[in-house]
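A quick write-up on the structure given underneath.
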Amino acid sequence: MLNVRNCLKTAPSLLRGVAVAAMIGPMAASASAASGGKVVFGELFTPASGWALETIDSYVLSRAGCLESLTYMDYDASIKPALAESWEQVSPTVWEFQLREGVAFHDGTALTPQLVSDALNRVLNVASPPRGFNPEVIESVEPAGEHSVRIVTKGPDVFVPNRLASTNTGILAPEAFANDRINPVGHCTGPFEIVRELPRQGLELKRNENYWGGEVQLAEAEVRYIPDGKVRSVMVETGEIHIARQLPASALAQLERSETVEVKTIEAPRTTTLYLNNRAAPLDNMKVRQAIQSAIDVTGIAEAVYEGSVNPAVGQFSPNTPWAPESAAVIPQDLERARQLLAESGVPASELQFELLAYVERPALADVAAVIQFQLQQLGMKVNIRVSEYGAIEPQLLSGDFDMVLLSRGYLTDVADPIGTLEADYSCDGGYNLAGFCDPEVDAQLKKAGAMVEPEDRNAIYRDIAARLQEEAVNVFLIHETISEAVSKNVENYQVHAYERTALHKDLKINSQ
Amino acid sequence: MWIFILRRLAVLALALLVVSFLVFLIPYVGETDPVRALARARFGRLDLDAAAIEALRIELGMHRPLLVQYLDWLGNAVIGDFGNSYMSREPVIEQVWSALKVSIVLTLAALGFAFAVAVPCGSIAALRQGSAFDSIIKSLNQAFVAVPEYWLAPMSILVFALYLGWLPSAGWRGPESVILPALALSLRPMGYFTQVMRASMIDVLNSPHIVAAHSRGLSIRRTLIAHGLRNAMLPVITLFSVWMAGLLGGAVVIEVIFAVPGMGRLVYSAIVNGDLPVLQAGLVAIVTFAVLINTLTDLAYTVLNPVVRFNNAAA
């Protein structure tokens, strides 16, 4: 049957051959002629910090398969060996990491304890070191023998392997810092070596023939910075790129109908939350907060605002994590219960007026705010919405001069453990305790968890705290966010990494069908 | 002529001084703390560490009084040193130059395309006033001027990249990738150019010297080519220079959607990230270019229009 679209697609081929092809190279994402093929990865983030490892630029290098750390956070958030093959806590404040033997940087320099120590000390000594690995936590890093590095912490710390899984602690060869700026070209240890950097456009990579982890399947790879999500979705559909990272919900329906692309969606360690200011009346009243919690239809928000691409929240943590209480369940909208709670609170609904803040950097939050405004109005509350840039509302949030604010918060940002977020958001001295929640008992629990070596022991404490936060409606947890990525069907072994560490890896393959 | 050029250079210096100071104030006039904005951009998180913020503020010298910071920047800028980006800590001049080259190519391609379509279409519409062709051109012009770029750009990607598969969707790799963003960027100026070209050509066609040339027996085509076109194009050349200056830094939407690493995206990111040195150098580059283009346009006017040439010489 005559297909108009196909005809139109092929019609200009002659024109292209004659008029355009002379000046134009082949479409970049076509399979490489070299053995192993080539994959083009559509990255949403454009590095802007000159590859400073303490910044989010380090994530781009890590996803590009270039930068590696001593340890690695796997797809299930477990910590696995990377440049260090083993580690041991020799005393409460001392850890020793045994380096993998035979590892070399792309420029041929051998990885030694001295170079690792230098690299880690370099990131410790920058003006703004990463929160997960900074001089307030780390006392010293030094070589310890022929193959080991010793890390001394200021206090007992069970999270050092987790801290070292951060991309901020990636190890680059000393030559990367030779010219007063950071140059990762030829200076990583990962499965892919940067051949060329196109500033603000992307990276061209080739496989590391001497990779310590074994044979790298792809011959070449490319990272392209494409800030617009819808454009990334079109590009993966046209075959210009093979993997499109983090796509907007609005692009998924079209991609799911595509015959050449597969959409992969997983839960992200991130919860969109309505933060309530617990410090001041009337939100210091638990019954008022619980009434708000009962009035909000989180399932409806997930379905309507996010087009079903996210899951309604059961609490601070997603039900698929070991930190969610077993009994965790979505709190259904129940206006009768909400009215009853409000009556029990002793605060007349007509006196409840709130300003609800949201920020433009996450466009969906403005819609969520509108839904919440409507649902709280059903209880007789008056809600005024103010949507602004995050920077404009931040002073209000930090000074506690607000009623309620919508935020999208990751809970595994510093170390591969939720303790960082729990301490920041829910300890009395927490640096980002917007709710103003303060309970010495929770502080004591968090301190205890911080000294527990066994993850399961810590997890039990996190579950208790999560249950309490939900029960007391300290904040209203709305949705567990997801990450959706689109992958060409001829790409094999690609998995979405919820912690955003990995994209191009040694086992990635492409079929040249 | 030299006096004219010197006068223009003085205007350029004054404009740069005023613009640089106004630009300097941008991050401080809003409610956002520029250091926190910078830190958020660098670390990709909302919950910033207060000690790290203060360390960054001191490292960048942003704890000093505003005027001291400005004079310090101005002193260096005068000798061509625009400093390092607060974000990347790399020399600003490299980033700006790299982006400026991209924007010049994109803008010239867009305006060249607009010009190439507008001049014949506007001329023919003027020659055939009231015809079906004239009506179509007028309708298209209105559509081109009205259509927003945030709609046009994704639609052009859907049609030419996804549906037809003729062109790459985004990126900046070779001439092929210039076509789509340049086309999307060209429609609005094309609408204006065509309207102005048509109106200007009608004026020229009704002017006494054209009527006289025609009455001497010259064909409309020869009259147009020999006498009309050059005069009718003068207002379009003025518009060209205005659009050139505007699009150099003002194609943010197109540059973001098509992932073009040009000036608009650079300056926009600098505003969002609070990257003052990039913002200042970027806008100084745009203003410099705008004034230079206007100067060159005036010179071109002088060459093309004897009346202007005479007035300049008299001045």
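As shown in the structure tokens, the chain order sets the letters A, B, ...; within each chain, residues go from 1, and ligands are also counted from 1 in the order they appear.
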Practice item. Find the residues near segment 219-236 of chain A: any atom within 7 Å, counting only C-alpha atoms, skip ones fewer than 3 places away on the same chain, and give them as an NGL selection string. Key: (:A and (34-46 or 64 or 200-207 or 239-244 or 247-248 or 251 or 486 or 488)) or (:B and (162 or 169 or 256-257 or 259))
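Residues surrounding Val29 of chain B within 12 Å are A:Ala392, B:Leu22, B:Val23, B:Leu66, B:Ile271, B:Gly274 [only C-alpha atoms; sequence separation below 6 positions excluded].
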Using the selection just defined, write its residues with N, CA and C atoms as a JSON list (two decimals), in the first residue's frame.
[["chain", "number", "residue", "atom", "x", "y", "z"],
["A", 392, "ALA", "N", 13.44, 33.09, 44.22],
["A", 392, "ALA", "CA", 12.65, 34.19, 44.77],
["A", 392, "ALA", "C", 11.89, 33.78, 46.02],
["B", 22, "LEU", "N", 24.08, 48.55, 33.91],
["B", 22, "LEU", "CA", 22.73, 48.02, 34.08],
["B", 22, "LEU", "C", 22.76, 46.50, 34.18],
["B", 23, "VAL", "N", 23.59, 45.89, 33.34],
["B", 23, "VAL", "CA", 23.72, 44.44, 33.35],
["B", 23, "VAL", "C", 24.26, 43.97, 34.69],
["B", 66, "LEU", "N", 28.99, 46.54, 45.96],
["B", 66, "LEU", "CA", 28.61, 46.41, 44.55],
["B", 66, "LEU", "C", 29.47, 47.29, 43.63],
["B", 271, "ILE", "N", 21.88, 34.31, 33.18],
["B", 271, "ILE", "CA", 20.92, 35.01, 34.05],
["B", 271, "ILE", "C", 20.36, 34.04, 35.09],
["B", 274, "GLY", "N", 23.01, 33.08, 37.60],
["B", 274, "GLY", "CA", 23.69, 34.17, 38.31],
["B", 274, "GLY", "C", 25.15, 34.27, 37.93]]
Residues of chain B within 8 Å of chain A, counting only C-alpha atoms - could you list those as an mmCIF file with C-alpha atoms, in the first residue's frame?
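Writing done, so here's result.cif:
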data_model
loop_
_atom_site.group_PDB
_atom_site.id
_atom_site.type_symbol
_atom_site.label_atom_id
_atom_site.label_comp_id
_atom_site.auth_asym_id
_atom_site.auth_seq_id
_atom_site.Cartn_x
_atom_site.Cartn_y
_atom_site.Cartn_z
ATOM 1 C CA GLY B 30 15.546 40.507 41.907
ATOM 2 C CA GLU B 31 14.667 38.644 45.065
ATOM 3 C CA THR B 32 17.198 35.911 44.348
ATOM 4 C CA ASP B 33 20.585 35.866 46.026
ATOM 5 C CA ARG B 36 22.665 30.918 46.024
ATOM 6 C CA ALA B 37 21.420 30.816 42.427
ATOM 7 C CA ARG B 42 26.544 24.150 40.323
ATOM 8 C CA PHE B 43 25.361 21.570 42.826
ATOM 9 C CA GLY B 44 21.910 20.828 41.402
ATOM 10 C CA ASP B 47 19.094 22.404 50.241
ATOM 11 C CA LEU B 48 22.326 24.332 50.112
ATOM 12 C CA ASP B 49 24.862 24.356 52.868
ATOM 13 C CA ALA B 52 29.465 26.482 51.351
ATOM 14 C CA ILE B 53 27.431 29.483 50.169
ATOM 15 C CA ALA B 55 32.758 30.233 51.005
ATOM 16 C CA LEU B 56 31.598 30.598 47.424
ATOM 17 C CA GLU B 59 35.833 32.986 46.588
ATOM 18 C CA MET B 87 30.142 28.634 36.954
ATOM 19 C CA SER B 88 32.944 27.064 34.972
ATOM 20 C CA ARG B 89 35.811 29.252 36.186
ATOM 21 C CA GLU B 90 36.977 29.304 32.582
ATOM 22 C CA PRO B 154 8.420 22.071 17.768
ATOM 23 C CA ILE B 157 10.746 19.500 14.143
ATOM 24 C CA LEU B 158 7.682 17.277 13.991
ATOM 25 C CA ALA B 161 12.486 15.733 11.258
ATOM 26 C CA LEU B 162 9.926 13.269 12.561
ATOM 27 C CA TYR B 163 7.304 13.032 9.837
ATOM 28 C CA LEU B 164 9.353 13.712 6.713
ATOM 29 C CA GLY B 165 12.773 12.777 8.065
ATOM 30 C CA TRP B 166 14.526 15.354 5.894
ATOM 31 C CA PRO B 168 18.020 16.584 11.965
ATOM 32 C CA SER B 169 15.817 17.628 14.881
ATOM 33 C CA ALA B 170 18.397 19.473 16.908
ATOM 34 C CA GLY B 171 22.077 20.035 17.513
ATOM 35 C CA TRP B 172 24.709 22.096 15.789
ATOM 36 C CA GLY B 174 27.307 20.872 10.072
ATOM 37 C CA PRO B 175 25.213 22.878 7.622
ATOM 38 C CA GLU B 176 22.307 20.445 7.784
ATOM 39 C CA VAL B 256 16.987 26.018 23.544
ATOM 40 C CA ILE B 257 14.576 23.948 21.472
ATOM 41 C CA PHE B 258 17.090 23.186 18.727
ATOM 42 C CA ALA B 259 19.993 22.768 21.200
ATOM 43 C CA VAL B 260 21.966 25.485 19.425
ATOM 44 C CA PRO B 261 24.928 26.698 21.523
#
Review point. Residues at most 8 Å from segment 111-115 of chain B, counting only C-alpha atoms, excluding those fewer than 5 positions away in the same chain, as a ChimeraX atom specification?
Key: /B:182-183,186-187,189-190,193,240,243-244
Residues just named, written with C-alpha atoms as an mmCIF file, in the first residue's frame:
data_model
loop_
_atom_site.group_PDB
_atom_site.id
_atom_site.type_symbol
_atom_site.label_atom_id
_atom_site.label_comp_id
_atom_site.auth_asym_id
_atom_site.auth_seq_id
_atom_site.Cartn_x
_atom_site.Cartn_y
_atom_site.Cartn_z
ATOM 1 C CA ALA B 182 17.253 29.191 10.660
ATOM 2 C CA LEU B 183 13.934 28.520 8.926
ATOM 3 C CA SER B 186 13.346 33.480 9.661
ATOM 4 C CA LEU B 187 9.565 33.489 9.446
ATOM 5 C CA PRO B 189 11.460 38.796 9.958
ATOM 6 C CA MET B 190 10.359 37.412 6.614
ATOM 7 C CA PHE B 193 10.562 42.327 5.401
ATOM 8 C CA PHE B 240 17.774 43.755 8.422
ATOM 9 C CA TRP B 243 16.740 42.199 13.308
ATOM 10 C CA MET B 244 20.370 41.154 13.107
#
Review point. Near Lys101 of chain B, counting only C-alpha atoms, which residues have an atom at most 12 Å away, once you skip same-chain residues fewer than 6 positions from it, shown as a PyMOL selection string?
Key: chain B and resi 94-95+107-108+172+248-249+260-263+285-286+289
